[in-house]
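> I'd like to ask you about the structure that follows.
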Amino acid sequence: MTSGLWELVLKGIWVTVQLLVLSALLATAVSFVVGIARTHRLKVVRFLAGFYTEVFRGTSALVMIFWVFFVLPPAFGWQLVPLWAGTLALGLTYGAYGSEIVRGALGAVDPAQREGGIALSFTPWQRMRLILLPQAVPEMIPPFSNLLVELLKGTALVSIMGMGDLAFSGNLVRLALQESAEIYTYILLIYFLIAFLLTRMMRGLEKRLKAGVGRAPKKETAAVRVPEGSGVS
């Protein structure tokens, strides 16, 4: 490929990374807000959080992108640029999946921990912040890592809006060179490298968060003096 075409691919990588970071931040915020809401003591809060989760998990991310980019503008009289439309659609969709990760991790914490917080007269928010989340967050990292890789692959869907991401740029290069095998092999390798870096980063974060969590205290062994003549050698 010529330098100009490689520059087009590099711009596509940059757009994909921007979209990944922004939608991941939105998805993370949605995951924790909705996931915590699904454990709320009020039934109406749990219902609303569950309704949101079912709606966004049960709809296609591709159709959601179409809806945000093409349906919302006429309905509300404003137009989102492709980057923000993609961020909103992907963040809300994958945030619904992430909320189930948060809910499951919070539910897996030993009930005795929650009862201990109640015994200490902690408020619900204090129990969540000081007791439940510190134990649940490390357990969320592996499934969140998988979800982040899925989100990376989902960013290719924004090419339908004409957004110059990696998939869209690769298709332009393919049309220019009339060569499919070489170009799409490069694109696959680039996606794999980004996913590999994300996985390693999340694995390092998991080790850091789990450092010292659940580690048994060192047992101090006292020296035992054997009486003389006991027959023990």
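We label chains A, B, ... in the order they appear in the structure tokens, count residues from 1 in each chain, and number ligands from 1 in the order shown.
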DSSP says alpha helix (DSSP H) for which residues of segment 31-180 of chain A? Put them as a ChimeraX atom specification?
/A:31-37,43-57,61-66,72-76,82-107,111-119,124-127,133-154,166-177,180
> Which neighbours of Leu8 of chain A fall inside 9 Å, counting only C-alpha atoms, when residues of the same chain fewer than 2 positions from it are skipped, and could you give them as a ChimeraX atom specification?
/A:3-6,10-13,164,166,169-170,172-173
> For a quick check of understanding, using only C-alpha atoms, which of A:Tyr94, A:Trp67, A:Phe76, A:Trp125 has the smallest distance to Glu54 of chain A?
A:Tyr94
> Figure out the distance between atom CA of Pro73 of chain A and atom CA of Gly86 of chain A, please, to one decimal in Å.
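We find that atom CA of Gly86 of chain A and atom CA of Pro73 of chain A lie 13.9 Å from each other.
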> Skipping near chain neighbours, those fewer than 6 positions away, what residues fall within 7 Å of Ala105 of chain A using only C-alpha atoms, listed as a ChimeraX atom specification?
/A:136,139-140
> For Phe70 of chain A, which residue out of A:Asn171, A:Ala85, A:Glu7, A:Ala195 is the nearest one, using only C-alpha atoms?
A:Ala85
> When you look at segment 56-59 of chain A with a cut-off of 9 Å (counting only C-alpha atoms), what residues show up, excluding the ones that are within fewer than 3 positions of it in the same chain? I need them as a list in words.
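Once the nearby chain positions are removed, what remains is Phe51, Tyr52, Thr53, Leu62, Val63, Met64, Leu92, Thr93, Tyr94, Gly95, Ala96 and Tyr97 of chain A.
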> Let's have the selection written as an mmCIF file, in the first residue's frame, with all heavy atoms.

```
data_model
loop_
_atom_site.group_PDB
_atom_site.id
_atom_site.type_symbol
_atom_site.label_atom_id
_atom_site.label_comp_id
_atom_site.auth_asym_id
_atom_site.auth_seq_id
_atom_site.Cartn_x
_atom_site.Cartn_y
_atom_site.Cartn_z
ATOM 1 N N PHE A 51 -36.088 -3.129 33.548
ATOM 2 C CA PHE A 51 -36.719 -2.816 32.270
ATOM 3 C C PHE A 51 -35.695 -2.272 31.278
ATOM 4 O O PHE A 51 -35.666 -2.673 30.113
ATOM 5 C CB PHE A 51 -37.834 -1.795 32.490
ATOM 6 C CG PHE A 51 -38.534 -1.375 31.228
ATOM 7 C CD1 PHE A 51 -39.451 -2.213 30.615
ATOM 8 C CD2 PHE A 51 -38.261 -0.147 30.640
ATOM 9 C CE1 PHE A 51 -40.094 -1.842 29.449
ATOM 10 C CE2 PHE A 51 -38.895 0.240 29.465
ATOM 11 C CZ PHE A 51 -39.813 -0.611 28.877
ATOM 12 N N TYR A 52 -34.850 -1.358 31.749
ATOM 13 C CA TYR A 52 -33.795 -0.822 30.884
ATOM 14 C C TYR A 52 -32.883 -1.950 30.392
ATOM 15 O O TYR A 52 -32.553 -2.028 29.195
ATOM 16 C CB TYR A 52 -32.965 0.208 31.652
ATOM 17 C CG TYR A 52 -31.680 0.574 30.960
ATOM 18 C CD1 TYR A 52 -31.647 1.558 29.979
ATOM 19 C CD2 TYR A 52 -30.481 -0.088 31.262
ATOM 20 C CE1 TYR A 52 -30.479 1.876 29.322
ATOM 21 C CE2 TYR A 52 -29.312 0.229 30.611
ATOM 22 C CZ TYR A 52 -29.312 1.212 29.642
ATOM 23 O OH TYR A 52 -28.145 1.510 28.994
ATOM 24 N N THR A 53 -32.490 -2.827 31.301
ATOM 25 C CA THR A 53 -31.587 -3.913 30.935
ATOM 26 C C THR A 53 -32.204 -4.816 29.880
ATOM 27 O O THR A 53 -31.546 -5.179 28.884
ATOM 28 C CB THR A 53 -31.222 -4.740 32.179
ATOM 29 O OG1 THR A 53 -30.607 -3.885 33.154
ATOM 30 C CG2 THR A 53 -30.248 -5.849 31.819
ATOM 31 N N LEU A 62 -26.722 -2.893 16.091
ATOM 32 C CA LEU A 62 -26.744 -2.283 14.763
ATOM 33 C C LEU A 62 -28.011 -1.459 14.566
ATOM 34 O O LEU A 62 -27.953 -0.307 14.107
ATOM 35 C CB LEU A 62 -26.648 -3.369 13.694
ATOM 36 C CG LEU A 62 -26.688 -2.903 12.239
ATOM 37 C CD1 LEU A 62 -25.512 -1.998 11.934
ATOM 38 C CD2 LEU A 62 -26.712 -4.101 11.301
ATOM 39 N N VAL A 63 -29.154 -2.028 14.939
ATOM 40 C CA VAL A 63 -30.413 -1.298 14.808
ATOM 41 C C VAL A 63 -30.438 -0.100 15.753
ATOM 42 O O VAL A 63 -30.978 0.964 15.412
ATOM 43 C CB VAL A 63 -31.608 -2.234 15.085
ATOM 44 C CG1 VAL A 63 -32.925 -1.468 15.028
ATOM 45 C CG2 VAL A 63 -31.623 -3.384 14.086
ATOM 46 N N MET A 64 -29.835 -0.229 16.945
ATOM 47 C CA MET A 64 -29.789 0.889 17.879
ATOM 48 C C MET A 64 -28.978 2.045 17.301
ATOM 49 O O MET A 64 -29.335 3.218 17.482
ATOM 50 C CB MET A 64 -29.179 0.421 19.202
ATOM 51 C CG MET A 64 -29.197 1.477 20.302
ATOM 52 S SD MET A 64 -30.860 2.043 20.719
ATOM 53 C CE MET A 64 -31.557 0.527 21.372
ATOM 54 N N LEU A 92 -24.856 2.639 25.705
ATOM 55 C CA LEU A 92 -26.114 2.222 26.335
ATOM 56 C C LEU A 92 -26.354 0.721 26.143
ATOM 57 O O LEU A 92 -26.845 0.045 27.051
ATOM 58 C CB LEU A 92 -27.277 3.024 25.756
ATOM 59 C CG LEU A 92 -27.296 4.522 26.081
ATOM 60 C CD1 LEU A 92 -28.475 5.194 25.392
ATOM 61 C CD2 LEU A 92 -27.354 4.756 27.583
ATOM 62 N N THR A 93 -26.014 0.207 24.967
ATOM 63 C CA THR A 93 -26.243 -1.213 24.697
ATOM 64 C C THR A 93 -25.339 -2.100 25.538
ATOM 65 O O THR A 93 -25.804 -3.023 26.227
ATOM 66 C CB THR A 93 -26.023 -1.509 23.205
ATOM 67 O OG1 THR A 93 -26.943 -0.748 22.427
ATOM 68 C CG2 THR A 93 -26.226 -2.989 22.910
ATOM 69 N N TYR A 94 -24.039 -1.839 25.503
ATOM 70 C CA TYR A 94 -23.109 -2.684 26.251
ATOM 71 C C TYR A 94 -23.161 -2.401 27.748
ATOM 72 O O TYR A 94 -22.788 -3.247 28.556
ATOM 73 C CB TYR A 94 -21.690 -2.511 25.708
ATOM 74 C CG TYR A 94 -21.496 -3.216 24.391
ATOM 75 C CD1 TYR A 94 -21.772 -2.567 23.188
ATOM 76 C CD2 TYR A 94 -21.078 -4.538 24.341
ATOM 77 C CE1 TYR A 94 -21.623 -3.208 21.969
ATOM 78 C CE2 TYR A 94 -20.920 -5.182 23.122
ATOM 79 C CZ TYR A 94 -21.197 -4.522 21.945
ATOM 80 O OH TYR A 94 -21.054 -5.178 20.742
ATOM 81 N N GLY A 95 -23.644 -1.212 28.125
ATOM 82 C CA GLY A 95 -23.859 -0.930 29.542
ATOM 83 C C GLY A 95 -24.926 -1.823 30.137
ATOM 84 O O GLY A 95 -24.865 -2.186 31.321
ATOM 85 N N ALA A 96 -25.919 -2.208 29.325
ATOM 86 C CA ALA A 96 -26.960 -3.117 29.805
ATOM 87 C C ALA A 96 -26.368 -4.485 30.129
ATOM 88 O O ALA A 96 -26.729 -5.111 31.131
ATOM 89 C CB ALA A 96 -28.062 -3.245 28.753
ATOM 90 N N TYR A 97 -25.451 -4.958 29.287
ATOM 91 C CA TYR A 97 -24.781 -6.228 29.589
ATOM 92 C C TYR A 97 -23.895 -6.082 30.831
ATOM 93 O O TYR A 97 -23.835 -6.989 31.667
ATOM 94 C CB TYR A 97 -23.931 -6.667 28.401
ATOM 95 C CG TYR A 97 -24.728 -7.094 27.194
ATOM 96 C CD1 TYR A 97 -24.969 -6.219 26.141
ATOM 97 C CD2 TYR A 97 -25.238 -8.386 27.096
ATOM 98 C CE1 TYR A 97 -25.701 -6.612 25.031
ATOM 99 C CE2 TYR A 97 -25.961 -8.793 25.989
ATOM 100 C CZ TYR A 97 -26.196 -7.893 24.960
ATOM 101 O OH TYR A 97 -26.917 -8.284 23.867
#
```
> Would you list the contacts of Gln113 of chain A as a ChimeraX atom specification, taking every protein, DNA or RNA residue within 8 Å and counting only C-alpha atoms, but skipping same-chain residues closer than 4 positions in sequence?
/A:109,117,131-132
> Can you work out the spacing between atom CA of Phe196 of chain A and atom CA of Glu179 of chain A in Å, to one decimal?
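Distance reported for this atom pair: 26.4 Å.
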> Determine the nearest neighbour of Ser23 of chain A from the options A:Gly107, A:Gly116, A:Gly91, A:Pro124, counting only C-alpha atoms.
A:Gly91
> Using only C-alpha atoms, which of the listed residues (A:Glu100, A:Trp14, A:Leu198, A:Pro74) sits closest to Gly50 of chain A?
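Closest candidate: A:Glu100.
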> Taking only C-alpha atoms into account, which of A:Ala49, A:Leu157, A:Leu19, A:Leu83 comes nearest Val33 of chain A?
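When distances to Val33 of chain A are compared using only C-alpha atoms, the smallest one comes from A:Ala49.
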> Excluding Gly154 of chain A and any residue of its chain fewer than 2 positions from it, enumerate the residues within 10 Å of it, using only C-alpha atoms, and give them as a count of residues only.
14
